[in-house]
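*Asks:* Next comes the structure file run.txt, holding compact mmCIF, C-alpha atoms.
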# COMPACT_ATOMS: atom_id res chain seq x y z
CA MET Z 113 40.81 67.20 40.11
CA ARG Z 114 38.92 65.89 43.05
CA ASP Z 115 37.44 62.40 43.01
CA LYS Z 116 33.70 62.36 43.10
CA ARG Z 117 32.58 60.34 46.08
CA ILE Z 118 29.55 58.05 45.69
CA LEU Z 119 27.38 57.96 48.73
CA LEU Z 120 25.39 54.79 49.48
CA SER Z 121 22.57 57.04 50.41
CA ASP Z 122 22.53 58.54 46.94
CA PRO Z 123 19.10 57.59 45.43
CA SER Z 124 20.36 57.76 41.84
CA TYR Z 125 23.20 55.34 42.60
CA ILE Z 126 20.88 52.84 44.27
CA GLN Z 127 18.42 53.08 41.36
CA GLN Z 128 21.23 52.44 38.84
CA GLU Z 129 22.42 49.39 40.78
CA LEU Z 130 18.89 47.95 40.91
CA HIS Z 131 18.54 48.55 37.18
CA ASP Z 132 21.80 46.69 36.50
CA ILE Z 133 20.72 43.78 38.73
CA GLN Z 134 17.35 43.53 36.93
CA ALA Z 135 19.10 43.57 33.54
CA LYS Z 136 21.42 40.75 34.64
CA LEU Z 137 18.45 38.75 35.99
CA GLN Z 138 16.62 39.15 32.67
CA GLU Z 139 19.77 38.08 30.83
CA TYR Z 140 20.04 35.04 33.12
CA GLU Z 141 16.38 34.08 32.57
CA GLN Z 142 16.84 34.37 28.80
CA MET Z 143 19.94 32.18 28.90
CA LYS Z 144 18.11 29.68 31.11
CA SER Z 145 15.18 29.58 28.64
CA GLU Z 146 17.54 29.07 25.71
CA PHE Z 147 19.29 26.28 27.61
CA VAL Z 148 15.99 24.51 28.31
CA GLY Z 149 15.07 24.88 24.62
CA LEU Z 150 18.37 23.31 23.58
CA GLN Z 151 17.80 20.45 26.02
CA THR Z 152 14.32 19.84 24.56
CA LYS Z 153 15.66 19.98 21.00
CA SER Z 154 18.46 17.60 21.93
CA SER Z 155 15.97 15.13 23.44
CA SER Z 156 13.79 15.35 20.33
CA GLN Z 157 16.75 14.75 18.04
CA ALA Z 158 17.84 11.80 20.19
CA ALA Z 159 14.34 10.31 19.83
CA GLU Z 160 14.45 10.82 16.05
CA ILE Z 161 17.87 9.17 15.86
CA SER Z 162 16.56 6.25 17.92
CA THR Z 163 13.58 5.88 15.56
CA LEU Z 164 15.82 5.97 12.49
CA LYS Z 165 18.13 3.38 14.02
CA SER Z 166 15.13 1.16 14.74
CA GLN Z 167 13.89 1.55 11.15
CA LEU Z 168 17.32 0.73 9.79
CA ALA Z 169 17.54 -2.29 12.06
CA THR Z 170 14.20 -3.63 10.86
CA GLY Z 171 14.73 -2.59 7.25
CA ASN Z 172 11.61 -0.39 7.41
CA LYS Z 173 9.71 -3.34 5.97
CA GLY Z 174 6.43 -3.22 4.12
CA ALA Z 175 5.15 -5.09 1.06
CA VAL Z 176 1.86 -4.59 -0.81
CA TYR Z 177 0.07 -7.21 -2.90
CA VAL Z 178 -3.43 -7.83 -4.30
CA ARG Z 179 -5.44 -10.82 -3.20
CA TRP Z 180 -7.57 -11.53 -6.29
CA GLY Z 181 -10.99 -13.06 -5.71
CA ARG Z 182 -11.22 -12.14 -2.01
CA LYS Z 183 -12.65 -9.25 0.02
CA ASP Z 184 -10.21 -9.77 2.90
CA CYS Z 185 -6.51 -10.26 3.61
CA PRO Z 186 -4.96 -13.37 5.18
CA ALA Z 187 -5.71 -13.43 8.91
CA ASP Z 188 -2.51 -12.66 10.83
CA ASN Z 189 -1.22 -9.88 13.06
CA THR Z 190 1.22 -8.48 10.50
CA THR Z 191 -1.11 -7.91 7.54
CA GLU Z 192 -3.51 -5.00 7.18
CA LEU Z 193 -6.29 -4.41 4.67
CA VAL Z 194 -5.56 -1.26 2.65
CA TYR Z 195 -8.94 -1.51 0.95
CA SER Z 196 -11.38 -4.09 -0.39
CA GLY Z 197 -12.86 -3.43 -3.81
CA TYR Z 198 -13.89 -4.65 -7.24
CA THR Z 199 -11.71 -6.40 -9.81
CA GLY Z 200 -11.85 -4.41 -13.04
CA GLY Z 201 -10.31 -4.12 -16.48
CA SER Z 202 -11.01 -3.74 -20.17
CA TYR Z 203 -13.65 -5.61 -22.18
CA TYR Z 204 -12.57 -9.19 -22.91
CA ASP Z 205 -13.01 -8.97 -26.71
CA SER Z 206 -11.84 -5.41 -27.44
CA THR Z 207 -8.79 -5.11 -29.72
CA GLY Z 208 -7.63 -1.95 -27.98
CA ALA Z 209 -8.08 -3.29 -24.46
CA ALA Z 210 -5.62 -2.71 -21.64
CA SER Z 211 -4.10 -6.02 -20.55
CA ASN Z 212 -3.94 -5.66 -16.78
CA TYR Z 213 -6.48 -6.34 -14.06
CA VAL Z 214 -6.98 -3.57 -11.49
CA CYS Z 215 -8.43 -3.49 -7.98
CA LEU Z 216 -10.96 -0.64 -7.95
CA PRO Z 217 -11.76 0.93 -4.54
CA PRO Z 218 -15.36 0.96 -3.23
CA ASP Z 219 -15.37 4.72 -2.58
CA PRO Z 220 -14.20 6.57 -5.74
CA LEU Z 221 -13.37 10.28 -5.56
CA TRP Z 222 -14.11 11.97 -8.87
CA GLY Z 223 -11.75 14.56 -10.30
CA PRO Z 224 -12.58 17.81 -12.11
CA HIS Z 225 -12.96 16.05 -15.49
CA LYS Z 226 -15.67 13.61 -14.39
CA ASN Z 227 -18.19 14.75 -17.05
CA LEU Z 228 -15.70 15.52 -19.83
CA ARG Z 229 -16.60 13.78 -23.11
CA SER Z 230 -13.60 12.60 -25.13
CA TYR Z 231 -13.17 11.07 -28.58
CA GLN Z 232 -12.52 7.31 -28.38
CA PRO Z 233 -11.98 6.77 -24.65
CA ALA Z 234 -10.80 3.61 -22.91
CA TYR Z 235 -13.34 1.80 -20.72
CA MET Z 236 -13.35 0.16 -17.32
CA TYR Z 237 -15.50 -2.94 -16.70
CA GLY Z 238 -15.97 -5.27 -13.79
CA THR Z 239 -14.53 -8.79 -13.86
CA GLU Z 240 -16.48 -12.06 -13.89
CA TYR Z 241 -15.49 -15.65 -13.12
CA GLU Z 242 -15.93 -17.67 -16.32
CA ASP Z 243 -15.25 -21.11 -14.89
CA PRO Z 244 -17.63 -22.08 -12.04
CA THR Z 245 -16.03 -25.52 -11.74
CA LEU Z 246 -12.56 -24.12 -11.13
CA PHE Z 247 -13.52 -21.14 -9.01
CA GLY Z 248 -16.36 -22.78 -7.10
CA VAL Z 249 -18.82 -19.90 -7.52
CA ASN Z 250 -22.53 -20.36 -8.22
CA ASP Z 251 -22.27 -19.68 -11.96
CA TYR Z 252 -19.96 -18.21 -14.56
CA SER Z 253 -21.38 -14.70 -14.35
CA GLU Z 254 -20.46 -13.94 -10.71
CA ASP Z 255 -18.42 -10.74 -10.23
CA ALA Z 256 -14.98 -10.96 -8.59
CA PRO Z 257 -13.83 -8.88 -5.61
CA CYS Z 258 -10.26 -8.03 -4.68
CA ALA Z 259 -8.32 -6.89 -1.62
CA VAL Z 260 -5.18 -4.75 -1.45
CA CYS Z 261 -3.09 -6.02 1.45
CA ARG Z 262 0.04 -4.69 3.19
CA THR Z 263 2.32 -6.74 5.39
CA SER Z 264 4.61 -4.93 7.85
CA GLU Z 265 6.91 -7.90 8.42
CA HIS Z 266 8.07 -8.28 4.80
CA SER Z 267 9.59 -6.04 2.15
CA THR Z 268 9.02 -8.08 -1.02
CA SER Z 269 6.11 -9.92 -2.60
CA VAL Z 270 6.15 -12.18 -5.66
CA MET Z 271 3.56 -14.26 -7.50
CA ILE Z 272 4.98 -17.64 -8.55
CA PRO Z 273 3.01 -19.54 -11.23
CA ALA Z 274 2.76 -23.33 -11.24
CA ARG Z 275 3.34 -23.59 -7.47
CA THR Z 276 1.13 -23.99 -4.40
CA GLU Z 277 4.03 -23.58 -1.96
CA CYS Z 278 6.79 -20.98 -1.69
CA TYR Z 279 10.48 -21.74 -1.94
CA ALA Z 280 12.62 -21.97 1.20
CA GLY Z 281 13.02 -18.66 2.97
CA TRP Z 282 9.70 -17.26 1.71
CA GLU Z 283 6.33 -17.11 3.50
CA LYS Z 284 3.05 -17.91 1.77
CA ALA Z 285 0.43 -15.14 1.66
CA TYR Z 286 -2.11 -17.22 -0.28
CA TYR Z 287 -2.32 -19.71 -3.16
CA GLY Z 288 -4.87 -20.38 -5.86
CA SER Z 289 -5.40 -20.77 -9.61
CA LEU Z 290 -3.45 -18.94 -12.28
CA SER Z 291 -5.98 -16.96 -14.32
CA ALA Z 292 -6.11 -14.86 -17.48
CA ASN Z 293 -8.35 -14.02 -20.45
CA ASP Z 294 -9.50 -16.71 -22.91
CA ALA Z 295 -6.89 -17.38 -25.62
CA ASN Z 296 -9.55 -16.95 -28.35
CA HIS Z 297 -10.55 -13.45 -27.29
CA LYS Z 298 -9.11 -10.38 -28.96
CA ALA Z 299 -8.04 -8.61 -25.79
CA ALA Z 300 -4.77 -9.45 -24.09
CA SER Z 301 -4.54 -9.93 -20.32
CA GLU Z 302 -1.95 -10.54 -17.65
CA TYR Z 303 -1.66 -13.62 -15.49
CA VAL Z 304 -2.93 -13.16 -11.93
CA CYS Z 305 -3.37 -15.50 -8.98
CA VAL Z 306 -7.04 -15.95 -7.98
CA ASP Z 307 -7.42 -17.20 -4.41
CA GLU Z 308 -8.14 -20.90 -3.89
CA HIS Z 309 -11.31 -19.99 -2.00
CA PRO Z 310 -12.74 -17.12 -4.06
CA GLN Z 311 -15.72 -15.01 -3.08
CA ALA Z 312 -18.31 -13.26 -5.23
CA LEU Z 313 -19.58 -9.71 -5.01
CA THR Z 314 -23.10 -9.25 -3.69
CA GLY Z 315 -25.54 -8.44 -6.49
CA GLY Z 316 -23.03 -9.22 -9.22
CA SER Z 317 -24.58 -12.30 -10.79
CA ARG Z 318 -25.77 -10.70 -14.04
CA ASN Z 319 -23.87 -11.83 -17.12
CA ASP Z 320 -22.31 -8.58 -18.36
CA ASN Z 321 -18.93 -10.07 -19.30
CA GLY Z 322 -16.36 -7.24 -19.16
CA LYS Z 323 -12.96 -8.40 -17.93
CA LEU Z 324 -12.93 -12.17 -17.32
CA PHE Z 325 -11.14 -14.83 -15.29
CA TYR Z 326 -10.39 -18.16 -17.02
CA GLN Z 327 -8.23 -21.10 -16.05
CA VAL Z 328 -4.75 -21.38 -17.58
CA ARG Z 329 -3.67 -24.71 -19.13
CA THR Z 330 -0.26 -25.91 -20.21
CA VAL Z 331 0.83 -26.57 -23.81
CA CYS Z 332 3.76 -28.95 -24.21
CA GLY Z 333 6.16 -28.40 -27.07
CA PRO Z 334 6.78 -24.68 -26.62
CA LEU Z 335 6.71 -25.50 -22.87
CA GLN Z 336 9.25 -27.96 -21.48
CA CYS Z 337 7.62 -31.31 -20.62
CA PRO Z 338 8.70 -32.74 -18.28
CA PRO Z 339 8.76 -31.18 -15.76
CA TYR Z 340 5.38 -29.88 -16.99
CA GLU Z 341 2.50 -32.01 -18.27
CA HIS Z 342 0.33 -31.24 -21.28
CA ASP Z 343 -3.11 -29.62 -20.89
CA LYS Z 344 -3.08 -29.30 -17.09
CA VAL Z 345 -4.51 -26.43 -15.02
CA LEU Z 346 -1.82 -24.25 -13.50
CA SER Z 347 -1.85 -23.17 -9.88
CA CYS Z 348 -0.09 -20.17 -8.33
CA VAL Z 349 1.13 -18.84 -4.99
CA VAL Z 350 1.89 -15.34 -3.66
CA CYS Z 351 5.00 -15.32 -1.47
CA LEU Z 352 6.49 -12.78 0.94
CA LYS Z 353 9.98 -12.09 2.26
Take the structure in the file and write it out as structure tokens.
*Replies:*
Amino acid sequence: MRDKRILLSDPSYIQQELHDIQAKLQEYEQMKSEFVGLQTKSSSQAAEISTLKSQLATGNKGAVYVRWGRKDCPADNTTELVYSGYTGGSYYDSTGAASNYVCLPPDPLWGPHKNLRSYQPAYMYGTEYEDPTLFGVNDYSEDAPCAVCRTSEHSTSVMIPARTECYAGWEKAYYGSLSANDANHKAASEYVCVDEHPQALTGGSRNDNGKLFYQVRTVCGPLQCPPYEHDKVLSCVVCLK
């Protein structure tokens, strides 16, 4: 058998070589593109790892608390206002009332059951100050605002009754008067800390009752005295760490 000689002048040979070179160039460009993509992905992952390390180093802090009786949060660079709204709750003299106070937002979004009529519903009322001497408002029928606050420098919040200062290692968010429903009313309530310098809602001076804020006084006997004293108004403080 004779070997078939390939002439450099053979057009088919030259065309095949060019085709092979183009195929290798395309393969190179594809590999180069994949390499750049891997570099970009690696840089992105490195940034994510750096962010996670930073979050772990700082503890990814954030604590939320309600400032009762105020429309704003304490003025500092680490606290943001989530929203300012209206203090609400159940009617003060209802036997089936919910006990807690809530901070209602100023811009409600109604769900699909807005107009649904139900048998024996619960009700939501606004909250009024019932002690103008303690709270310093114009009269006992003023409505109470509230502010939901978030601090980015702390991870825990706690309300401490019977204190105006926090314990060592904690930072004070605000202090005020411990408040709850009147002991003679049928409805139960929780204890909350109303700011020492409370504000009133605009246009909320009509006496509609609803949920109410009263002072809280000590009763010695069931309560250890000393250190407590009988029939004294209790303060409160909200602390952060």
*Asks:* Counting all atoms listed in the file, which residue out of Z:His309, Z:Arg275, Z:Lys173, Z:Lys226 sits closest to Leu346 (chain Z)?
*Replies:*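 So, comparing all the options, the nearest one is Z:Arg275.
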*Asks:* List the spatial neighbours of region 317-328 of chain Z as an NGL selection string - criterion: any atom at most 7 Å away, only C-alpha atoms, same-chain residues fewer than 2 positions off excluded.
*Replies:* :Z and (200-204 or 237-243 or 253-255 or 290-294 or 315 or 330 or 345-346)
*Asks:* How far is it from CA of Cys305 (chain Z) to CA of Val349 (chain Z), in Å with one decimal?
*Replies:* 6.9 Å
*Asks:* So, with only C-alpha atoms as the atoms that count, which of Z:Val270, Z:Val304, Z:Ala299, Z:Ala312 lies closest to Ala209 (chain Z)?
*Replies:* Z:Ala299
*Asks:* Give me, please, the distance in Å between CA of Lys183 (chain Z) and CA of Lys284 (chain Z), quoted to one decimal.
*Replies:*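 According to the coordinates, CA of Lys183 (chain Z) and CA of Lys284 (chain Z) are separated by 18.0 Å.
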*Asks:* Which is closer to Trp180 (chain Z) than all the others in Z:Ser124, Z:Ser162, Z:Thr207, Z:Thr199, using all atoms listed in the file?
*Replies:*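 Among the listed residues, Z:Thr199 lies closest to Trp180 (chain Z).
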*Asks:* What's the separation between CA of Thr190 (chain Z) and CA of Glu277 (chain Z), in Å to one decimal place?
*Replies:*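 Spanning CA of Thr190 (chain Z) to CA of Glu277 (chain Z) is a straight-line distance of 19.8 Å.
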*Asks:* Determine the nearest neighbour of Asn296 (chain Z) from the options Z:Ser156, Z:Ser206, Z:Gln138, Z:Ser145, counting only C-alpha atoms.
*Replies:*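 The shortest atom-to-atom distance to Asn296 (chain Z) comes from Z:Ser206.
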*Asks:* For a quick check of understanding, using only C-alpha atoms, which of Z:Val350, Z:Ala175, Z:Ala187, Z:Leu216 has the smallest distance to Ala259 (chain Z)?
*Replies:* Z:Leu216
*Asks:* Kindly indicate which residue among Z:Lys298, Z:His225, Z:Arg262, Z:Arg329 lies nearest to Thr191 (chain Z), using all atoms listed in the file for the distances.
*Replies:*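 Closest candidate: Z:Arg262.
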*Asks:* Adding 6 Å on each side of the box along x, y and z that holds all listed atoms of region 150-162 of chain Z, could you give its centre and edge lengths in Å to one decimal, as AutoDock Vina command-line options?
*Replies:*
--center_x 16.1 --center_y 14.8 --center_z 20.9 --size_x 16.7 --size_y 29.1 --size_z 22.2
